[in-house]
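A.B. asks: A single structure is presented below for examination.
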Amino acid sequence: MAKNTCDLSRCFLCRHSPPAWHALIGANRKNLLFKKGAAIFHEGEVANGMYFVYSGTVKVHRKWGSQKELILRFGKSGDMLGYRGLGDERKYTVSATVIEPAVICYVDLVFFESLLQTNHQLTYQLMQCYANELQNAEKKMSKLAHMNVKARIADTLLTLQNQFGKTKEGYINIQLSRLDMAAFTGTTYETLFRTMQEFIQEKLIKVSGKKIVVLKEKKLAALTWMQ
């Protein structure tokens, strides 16, 4: 199996389809390679298909005001992208951009919908995705409204560590630009940089370039509990 080819076992679509269907999926999918910074789809584009992350990391984001963006979530191996394009309008309501080189499995919408009509497990899991995303969106809006910036940045660091885990050296296993961290937190680059410097001086975290180690997890968590 080539390194840049989906193995028909790890992505969302294959995990929730019977093994006997994998050959059919393989015949109808395309493997797409994306470099860092490449757009998979843009907010407002007509939704023609569904995307499944085989490897790499993707940010899902949307416009926030005239000049800003808000990162809603990050997609990694096994995740699905593009399901916000389902519905009457058939337009993507968010954008997806690669932040680490990615291999993406793509199927067109007609084929995907035919699977939904005959595979109840897949349909149920898609419903779960919508429910989880709605809950996460509500939590994110609540944090933006009720948490101060310092608490939100502490929460961001803990969230990233929880989602991506840690490297052998103890670093959070994702390297984000400060602009992306600010967009995920819902703050400005300048505020994020200043607060991160405070965390470093307080020995709550250690930073090496884009790599971050959480040194005092309980103290970071306490900053969020104080809200």
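Starting from 1 in every chain, residues are counted up; chains themselves are A, B, ... following the order of the structure tokens, and ligands are numbered from 1 as listed.
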Write out as a compact mmCIF listing (two decimals) with N, CA and C atoms, in the first residue's frame the residues lying within 9 Å of region 180-185 of chain A, counting only C-alpha atoms and excluding same-chain residues fewer than 3 positions away.
C.D. replies:
```txt
# COMPACT_ATOMS: atom_id res chain seq x y z
N LYS A 59 -7.50 22.41 9.57
CA LYS A 59 -8.30 23.33 10.38
C LYS A 59 -9.62 23.62 9.66
N HIS A 61 -12.58 26.31 9.59
CA HIS A 61 -12.70 27.70 10.04
C HIS A 61 -13.74 28.44 9.23
N LYS A 68 -11.24 38.86 10.10
CA LYS A 68 -10.77 37.80 11.00
C LYS A 68 -11.36 36.45 10.62
N GLU A 69 -10.75 35.40 11.16
CA GLU A 69 -11.31 34.06 11.04
C GLU A 69 -11.37 33.43 12.42
N LEU A 70 -12.31 32.52 12.57
CA LEU A 70 -12.45 31.76 13.80
C LEU A 70 -12.29 30.29 13.46
N ILE A 71 -11.31 29.63 14.07
CA ILE A 71 -11.13 28.19 13.86
C ILE A 71 -12.11 27.46 14.78
N LEU A 72 -12.96 26.64 14.18
CA LEU A 72 -13.98 25.93 14.93
C LEU A 72 -13.45 24.63 15.52
N ARG A 73 -12.63 23.93 14.73
CA ARG A 73 -12.09 22.65 15.20
C ARG A 73 -10.92 22.25 14.31
N LYS A 140 -18.17 26.55 22.67
CA LYS A 140 -17.20 27.55 22.21
C LYS A 140 -17.78 28.95 22.33
N LEU A 144 -16.43 32.09 24.64
CA LEU A 144 -16.14 33.41 24.11
C LEU A 144 -16.89 34.49 24.88
N VAL A 149 -9.75 36.30 28.41
CA VAL A 149 -8.80 35.81 27.41
C VAL A 149 -7.79 34.84 28.02
N ARG A 152 -9.34 31.50 28.33
CA ARG A 152 -9.56 30.85 27.02
C ARG A 152 -8.26 30.29 26.46
N ILE A 153 -7.15 30.99 26.66
CA ILE A 153 -5.87 30.50 26.17
C ILE A 153 -5.44 29.27 26.95
N ASP A 155 -7.49 27.20 28.33
CA ASP A 155 -8.40 26.15 27.85
C ASP A 155 -7.96 25.62 26.49
N THR A 156 -7.49 26.50 25.62
CA THR A 156 -7.01 26.09 24.30
C THR A 156 -5.84 25.12 24.41
N LEU A 157 -4.88 25.43 25.27
CA LEU A 157 -3.72 24.56 25.44
C LEU A 157 -4.12 23.17 25.94
N LEU A 176 1.17 24.60 15.92
CA LEU A 176 0.35 25.62 15.30
C LEU A 176 1.08 26.96 15.28
N SER A 177 0.80 27.75 14.27
CA SER A 177 1.29 29.12 14.27
C SER A 177 0.54 29.89 15.35
N THR A 188 -6.70 38.09 19.59
CA THR A 188 -5.73 38.64 18.64
C THR A 188 -4.36 37.99 18.84
N TYR A 189 -3.54 38.10 17.81
CA TYR A 189 -2.17 37.59 17.90
C TYR A 189 -1.42 38.25 19.05
N GLU A 190 -1.57 39.57 19.18
CA GLU A 190 -0.84 40.31 20.20
C GLU A 190 -1.23 39.86 21.62
N THR A 191 -2.53 39.67 21.84
CA THR A 191 -2.99 39.24 23.16
C THR A 191 -2.52 37.82 23.46
N LEU A 192 -2.59 36.96 22.46
CA LEU A 192 -2.11 35.59 22.65
C LEU A 192 -0.64 35.58 23.00
N PHE A 193 0.17 36.33 22.25
CA PHE A 193 1.62 36.36 22.49
C PHE A 193 1.92 36.85 23.90
```
A.B. asks: Pick out each residue of region 145-217 of chain A that DSSP on the backbone tags as strand (DSSP E or B); I need them as a compact mmCIF listing (two decimals) with N, CA, C and O atoms, in the first residue's frame.
C.D. replies:
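File written: states-v5.txt
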```txt
# COMPACT_ATOMS: atom_id res chain seq x y z
N LYS A 166 0.53 13.87 23.47
CA LYS A 166 1.87 14.43 23.65
C LYS A 166 2.90 13.59 22.92
O LYS A 166 2.73 12.38 22.76
N ILE A 172 2.95 19.10 23.17
CA ILE A 172 1.65 18.87 22.56
C ILE A 172 1.88 18.43 21.12
O ILE A 172 2.66 19.05 20.39
N ILE A 205 4.03 26.75 31.22
CA ILE A 205 4.33 26.08 29.95
C ILE A 205 5.79 26.35 29.59
O ILE A 205 6.44 27.24 30.15
N LYS A 206 6.29 25.57 28.65
CA LYS A 206 7.61 25.80 28.05
C LYS A 206 7.43 25.78 26.55
O LYS A 206 6.69 24.94 26.01
N VAL A 207 8.10 26.70 25.86
CA VAL A 207 7.92 26.85 24.42
C VAL A 207 9.26 26.77 23.70
O VAL A 207 10.25 27.34 24.15
N SER A 208 9.27 26.01 22.60
CA SER A 208 10.45 25.94 21.72
C SER A 208 9.95 26.08 20.30
O SER A 208 9.46 25.12 19.71
N LYS A 211 6.62 24.48 19.28
CA LYS A 211 6.37 23.35 20.18
C LYS A 211 6.10 23.85 21.60
O LYS A 211 6.81 24.72 22.10
N ILE A 212 5.08 23.26 22.24
CA ILE A 212 4.66 23.71 23.57
C ILE A 212 4.55 22.52 24.51
O ILE A 212 3.97 21.48 24.16
N VAL A 213 5.09 22.68 25.70
CA VAL A 213 4.93 21.69 26.77
C VAL A 213 4.10 22.31 27.88
O VAL A 213 4.38 23.42 28.33
N VAL A 214 3.07 21.60 28.30
CA VAL A 214 2.30 22.03 29.47
C VAL A 214 3.01 21.49 30.71
O VAL A 214 3.12 20.29 30.90
```
A.B. asks: Could you pull out the helix (DSSP H, G or I) residues of region 18-215 of chain A from DSSP and send them as a ChimeraX atom specification?
C.D. replies: /A:19-28,83-85,109-118,120-146,149-164,178-185,189-201
A.B. asks: Just the number, please: distance in Å from CA of Tyr83 (chain A) to CA of Pro101 (chain A), one decimal.
C.D. replies: 21.5 Å
A.B. asks: Between CA of Leu179 (chain A) and CA of Tyr106 (chain A), measure the distance and give it in Å to one decimal.
C.D. replies: 28.5 Å
A.B. asks: Could you give me, as a Markdown table, every region 10-38 of chain A residue with an atom at most 12 Å from region 111-135 of chain A, plus its closest atom pair and distance in Å to one decimal, counting only C-alpha atoms, rows ordered by chain then number?
C.D. replies:
```
| residue | atom | partner | partner_atom | distance |
| --- | --- | --- | --- | --- |
| A:Phe12 | CA | A:Leu122 | CA | 8.7 |
| A:Leu13 | CA | A:Leu122 | CA | 7.3 |
| A:Cys14 | CA | A:Leu122 | CA | 9.2 |
| A:Arg15 | CA | A:Leu122 | CA | 8.8 |
| A:His16 | CA | A:Leu122 | CA | 5.2 |
| A:Ser17 | CA | A:Leu122 | CA | 6.5 |
| A:Pro18 | CA | A:Asn119 | CA | 8.6 |
| A:Trp21 | CA | A:Leu115 | CA | 9.5 |
| A:His22 | CA | A:Leu115 | CA | 11.5 |
| A:Leu24 | CA | A:Phe111 | CA | 10.1 |
| A:Ile25 | CA | A:Phe111 | CA | 8.9 |
| A:Gly26 | CA | A:Phe111 | CA | 11.8 |
| A:Ala27 | CA | A:Phe111 | CA | 10.9 |
| A:Asn28 | CA | A:Phe111 | CA | 7.6 |
| A:Arg29 | CA | A:Phe111 | CA | 9.3 |
```
A.B. asks: Please write the residues from the selection above to a file, keeping N, CA and C atoms, as a PDB file, in the first residue's frame.
C.D. replies:
```pdb
ATOM      1  N   PHE A  12     -13.409   7.631   8.421  1.00  0.00           N
ATOM      2  CA  PHE A  12     -14.764   7.602   8.977  1.00  0.00           C
ATOM      3  C   PHE A  12     -15.690   6.744   8.124  1.00  0.00           C
ATOM      4  N   LEU A  13     -15.629   6.907   6.815  1.00  0.00           N
ATOM      5  CA  LEU A  13     -16.534   6.197   5.912  1.00  0.00           C
ATOM      6  C   LEU A  13     -16.342   4.688   5.992  1.00  0.00           C
ATOM      7  N   CYS A  14     -15.117   4.231   5.963  1.00  0.00           N
ATOM      8  CA  CYS A  14     -14.849   2.788   5.984  1.00  0.00           C
ATOM      9  C   CYS A  14     -15.091   2.171   7.351  1.00  0.00           C
ATOM     10  N   ARG A  15     -14.789   2.914   8.415  1.00  0.00           N
ATOM     11  CA  ARG A  15     -14.994   2.386   9.763  1.00  0.00           C
ATOM     12  C   ARG A  15     -16.462   2.089  10.039  1.00  0.00           C
ATOM     13  N   HIS A  16     -17.335   2.849   9.407  1.00  0.00           N
ATOM     14  CA  HIS A  16     -18.762   2.701   9.676  1.00  0.00           C
ATOM     15  C   HIS A  16     -19.519   2.081   8.509  1.00  0.00           C
ATOM     16  N   SER A  17     -18.806   1.346   7.669  1.00  0.00           N
ATOM     17  CA  SER A  17     -19.420   0.593   6.579  1.00  0.00           C
ATOM     18  C   SER A  17     -18.993  -0.869   6.691  1.00  0.00           C
ATOM     19  N   PRO A  18     -19.852  -1.807   6.297  1.00  0.00           N
ATOM     20  CA  PRO A  18     -19.478  -3.226   6.354  1.00  0.00           C
ATOM     21  C   PRO A  18     -18.244  -3.497   5.482  1.00  0.00           C
ATOM     22  N   TRP A  21     -18.401  -3.733   1.757  1.00  0.00           N
ATOM     23  CA  TRP A  21     -18.618  -2.521   0.960  1.00  0.00           C
ATOM     24  C   TRP A  21     -17.316  -1.797   0.615  1.00  0.00           C
ATOM     25  N   HIS A  22     -16.214  -2.208   1.215  1.00  0.00           N
ATOM     26  CA  HIS A  22     -14.976  -1.459   1.038  1.00  0.00           C
ATOM     27  C   HIS A  22     -14.499  -1.439  -0.413  1.00  0.00           C
ATOM     28  N   LEU A  24     -16.398  -1.400  -3.043  1.00  0.00           N
ATOM     29  CA  LEU A  24     -17.245  -0.408  -3.716  1.00  0.00           C
ATOM     30  C   LEU A  24     -16.786   1.006  -3.389  1.00  0.00           C
ATOM     31  N   ILE A  25     -16.459   1.230  -2.116  1.00  0.00           N
ATOM     32  CA  ILE A  25     -15.942   2.547  -1.721  1.00  0.00           C
ATOM     33  C   ILE A  25     -14.631   2.836  -2.427  1.00  0.00           C
ATOM     34  N   GLY A  26     -13.752   1.813  -2.491  1.00  0.00           N
ATOM     35  CA  GLY A  26     -12.466   1.993  -3.157  1.00  0.00           C
ATOM     36  C   GLY A  26     -12.613   2.363  -4.622  1.00  0.00           C
ATOM     37  N   ALA A  27     -13.642   1.830  -5.265  1.00  0.00           N
ATOM     38  CA  ALA A  27     -13.862   2.114  -6.688  1.00  0.00           C
ATOM     39  C   ALA A  27     -14.442   3.502  -6.915  1.00  0.00           C
ATOM     40  N   ASN A  28     -14.996   4.105  -5.865  1.00  0.00           N
ATOM     41  CA  ASN A  28     -15.658   5.407  -6.018  1.00  0.00           C
ATOM     42  C   ASN A  28     -14.952   6.544  -5.289  1.00  0.00           C
ATOM     43  N   ARG A  29     -13.829   6.259  -4.687  1.00  0.00           N
ATOM     44  CA  ARG A  29     -13.116   7.308  -3.968  1.00  0.00           C
ATOM     45  C   ARG A  29     -11.932   7.811  -4.776  1.00  0.00           C
TER      46      ARG A  29
END
```
A.B. asks: Give the answer as one residue: which of A:Ala221, A:Leu160, A:Ala154, A:Val107 has the shortest atom-to-atom distance to Thr195 (chain A), using only C-alpha atoms?
C.D. replies: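 Looking at the shortest contact to Thr195 (chain A), the residue is A:Ala154.
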A.B. asks: Using only C-alpha atoms, which of A:Asn173, A:Thr167, A:Asn162, A:Ser95 sits nearest Val60 (chain A)?
C.D. replies: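 Ranked by minimum distance to Val60 (chain A), first place goes to A:Ser95.
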A.B. asks: Can you work out the spacing between CA of Leu33 (chain A) and CA of Ala96 (chain A) in Å, to one decimal?
C.D. replies: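 Interatomic distance here is 14.0 Å.
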A.B. asks: With only C-alpha atoms as the counted atoms, please give the residues lying no more than 6 Å from region 51-54 of chain A, apart from itself and same-chain residues fewer than 3 positions off, as a list of chain:residue names.
C.D. replies: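 Final neighbour list, sorted by chain and number: A:Cys11, A:Ser77, A:Gly78, A:Asp79, A:Met80, A:Leu81, A:Val103, A:Ile104, A:Cys105, A:Tyr106.
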A.B. asks: What would the file look like if the residues just selected were written as a CSV table (one decimal), in the first residue's frame with C-alpha atoms?
C.D. replies:
```
chain,number,residue,atom,x,y,z
A,11,CYS,CA,-11.3,6.8,7.6
A,77,SER,CA,-6.7,11.0,10.8
A,78,GLY,CA,-10.1,9.3,10.8
A,79,ASP,CA,-12.2,12.5,10.7
A,80,MET,CA,-14.8,13.6,8.2
A,81,LEU,CA,-15.0,17.0,6.5
A,103,VAL,CA,-3.8,12.7,2.4
A,104,ILE,CA,-7.6,13.1,2.0
A,105,CYS,CA,-10.1,10.5,0.7
A,106,TYR,CA,-12.9,12.1,-1.4
```
A.B. asks: Can you pull out the residues contacting Ala39 (chain A)? Cut-off 7 Å, using only C-alpha atoms, and skip same-chain residues under 2 positions away; I want them as a PyMOL selection string.
C.D. replies: chain A and resi 37+41-42+96-98
A.B. asks: Please write the residues from the selection above to a file, keeping N, CA and C atoms, as a PDB file, in the first residue's frame.
C.D. replies:
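Below is the file again.pdb, written as the result:
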```pdb
ATOM      1  N   GLY A  37      -0.998  24.471   3.986  1.00  0.00           N
ATOM      2  CA  GLY A  37      -1.546  25.744   3.549  1.00  0.00           C
ATOM      3  C   GLY A  37      -2.558  25.645   2.424  1.00  0.00           C
ATOM      4  N   PHE A  41     -11.611  23.047   0.719  1.00  0.00           N
ATOM      5  CA  PHE A  41     -12.786  23.720   0.169  1.00  0.00           C
ATOM      6  C   PHE A  41     -12.969  25.036   0.905  1.00  0.00           C
ATOM      7  N   HIS A  42     -13.744  25.934   0.280  1.00  0.00           N
ATOM      8  CA  HIS A  42     -13.933  27.274   0.823  1.00  0.00           C
ATOM      9  C   HIS A  42     -15.377  27.495   1.264  1.00  0.00           C
ATOM     10  N   ALA A  96     -12.012  24.581   4.903  1.00  0.00           N
ATOM     11  CA  ALA A  96     -11.072  23.598   5.458  1.00  0.00           C
ATOM     12  C   ALA A  96      -9.712  23.807   4.810  1.00  0.00           C
ATOM     13  N   THR A  97      -8.688  23.988   5.633  1.00  0.00           N
ATOM     14  CA  THR A  97      -7.344  24.281   5.153  1.00  0.00           C
ATOM     15  C   THR A  97      -6.341  23.371   5.850  1.00  0.00           C
ATOM     16  N   VAL A  98      -5.381  22.878   5.092  1.00  0.00           N
ATOM     17  CA  VAL A  98      -4.384  21.938   5.617  1.00  0.00           C
ATOM     18  C   VAL A  98      -3.317  22.682   6.409  1.00  0.00           C
TER      19      VAL A  98
END
```
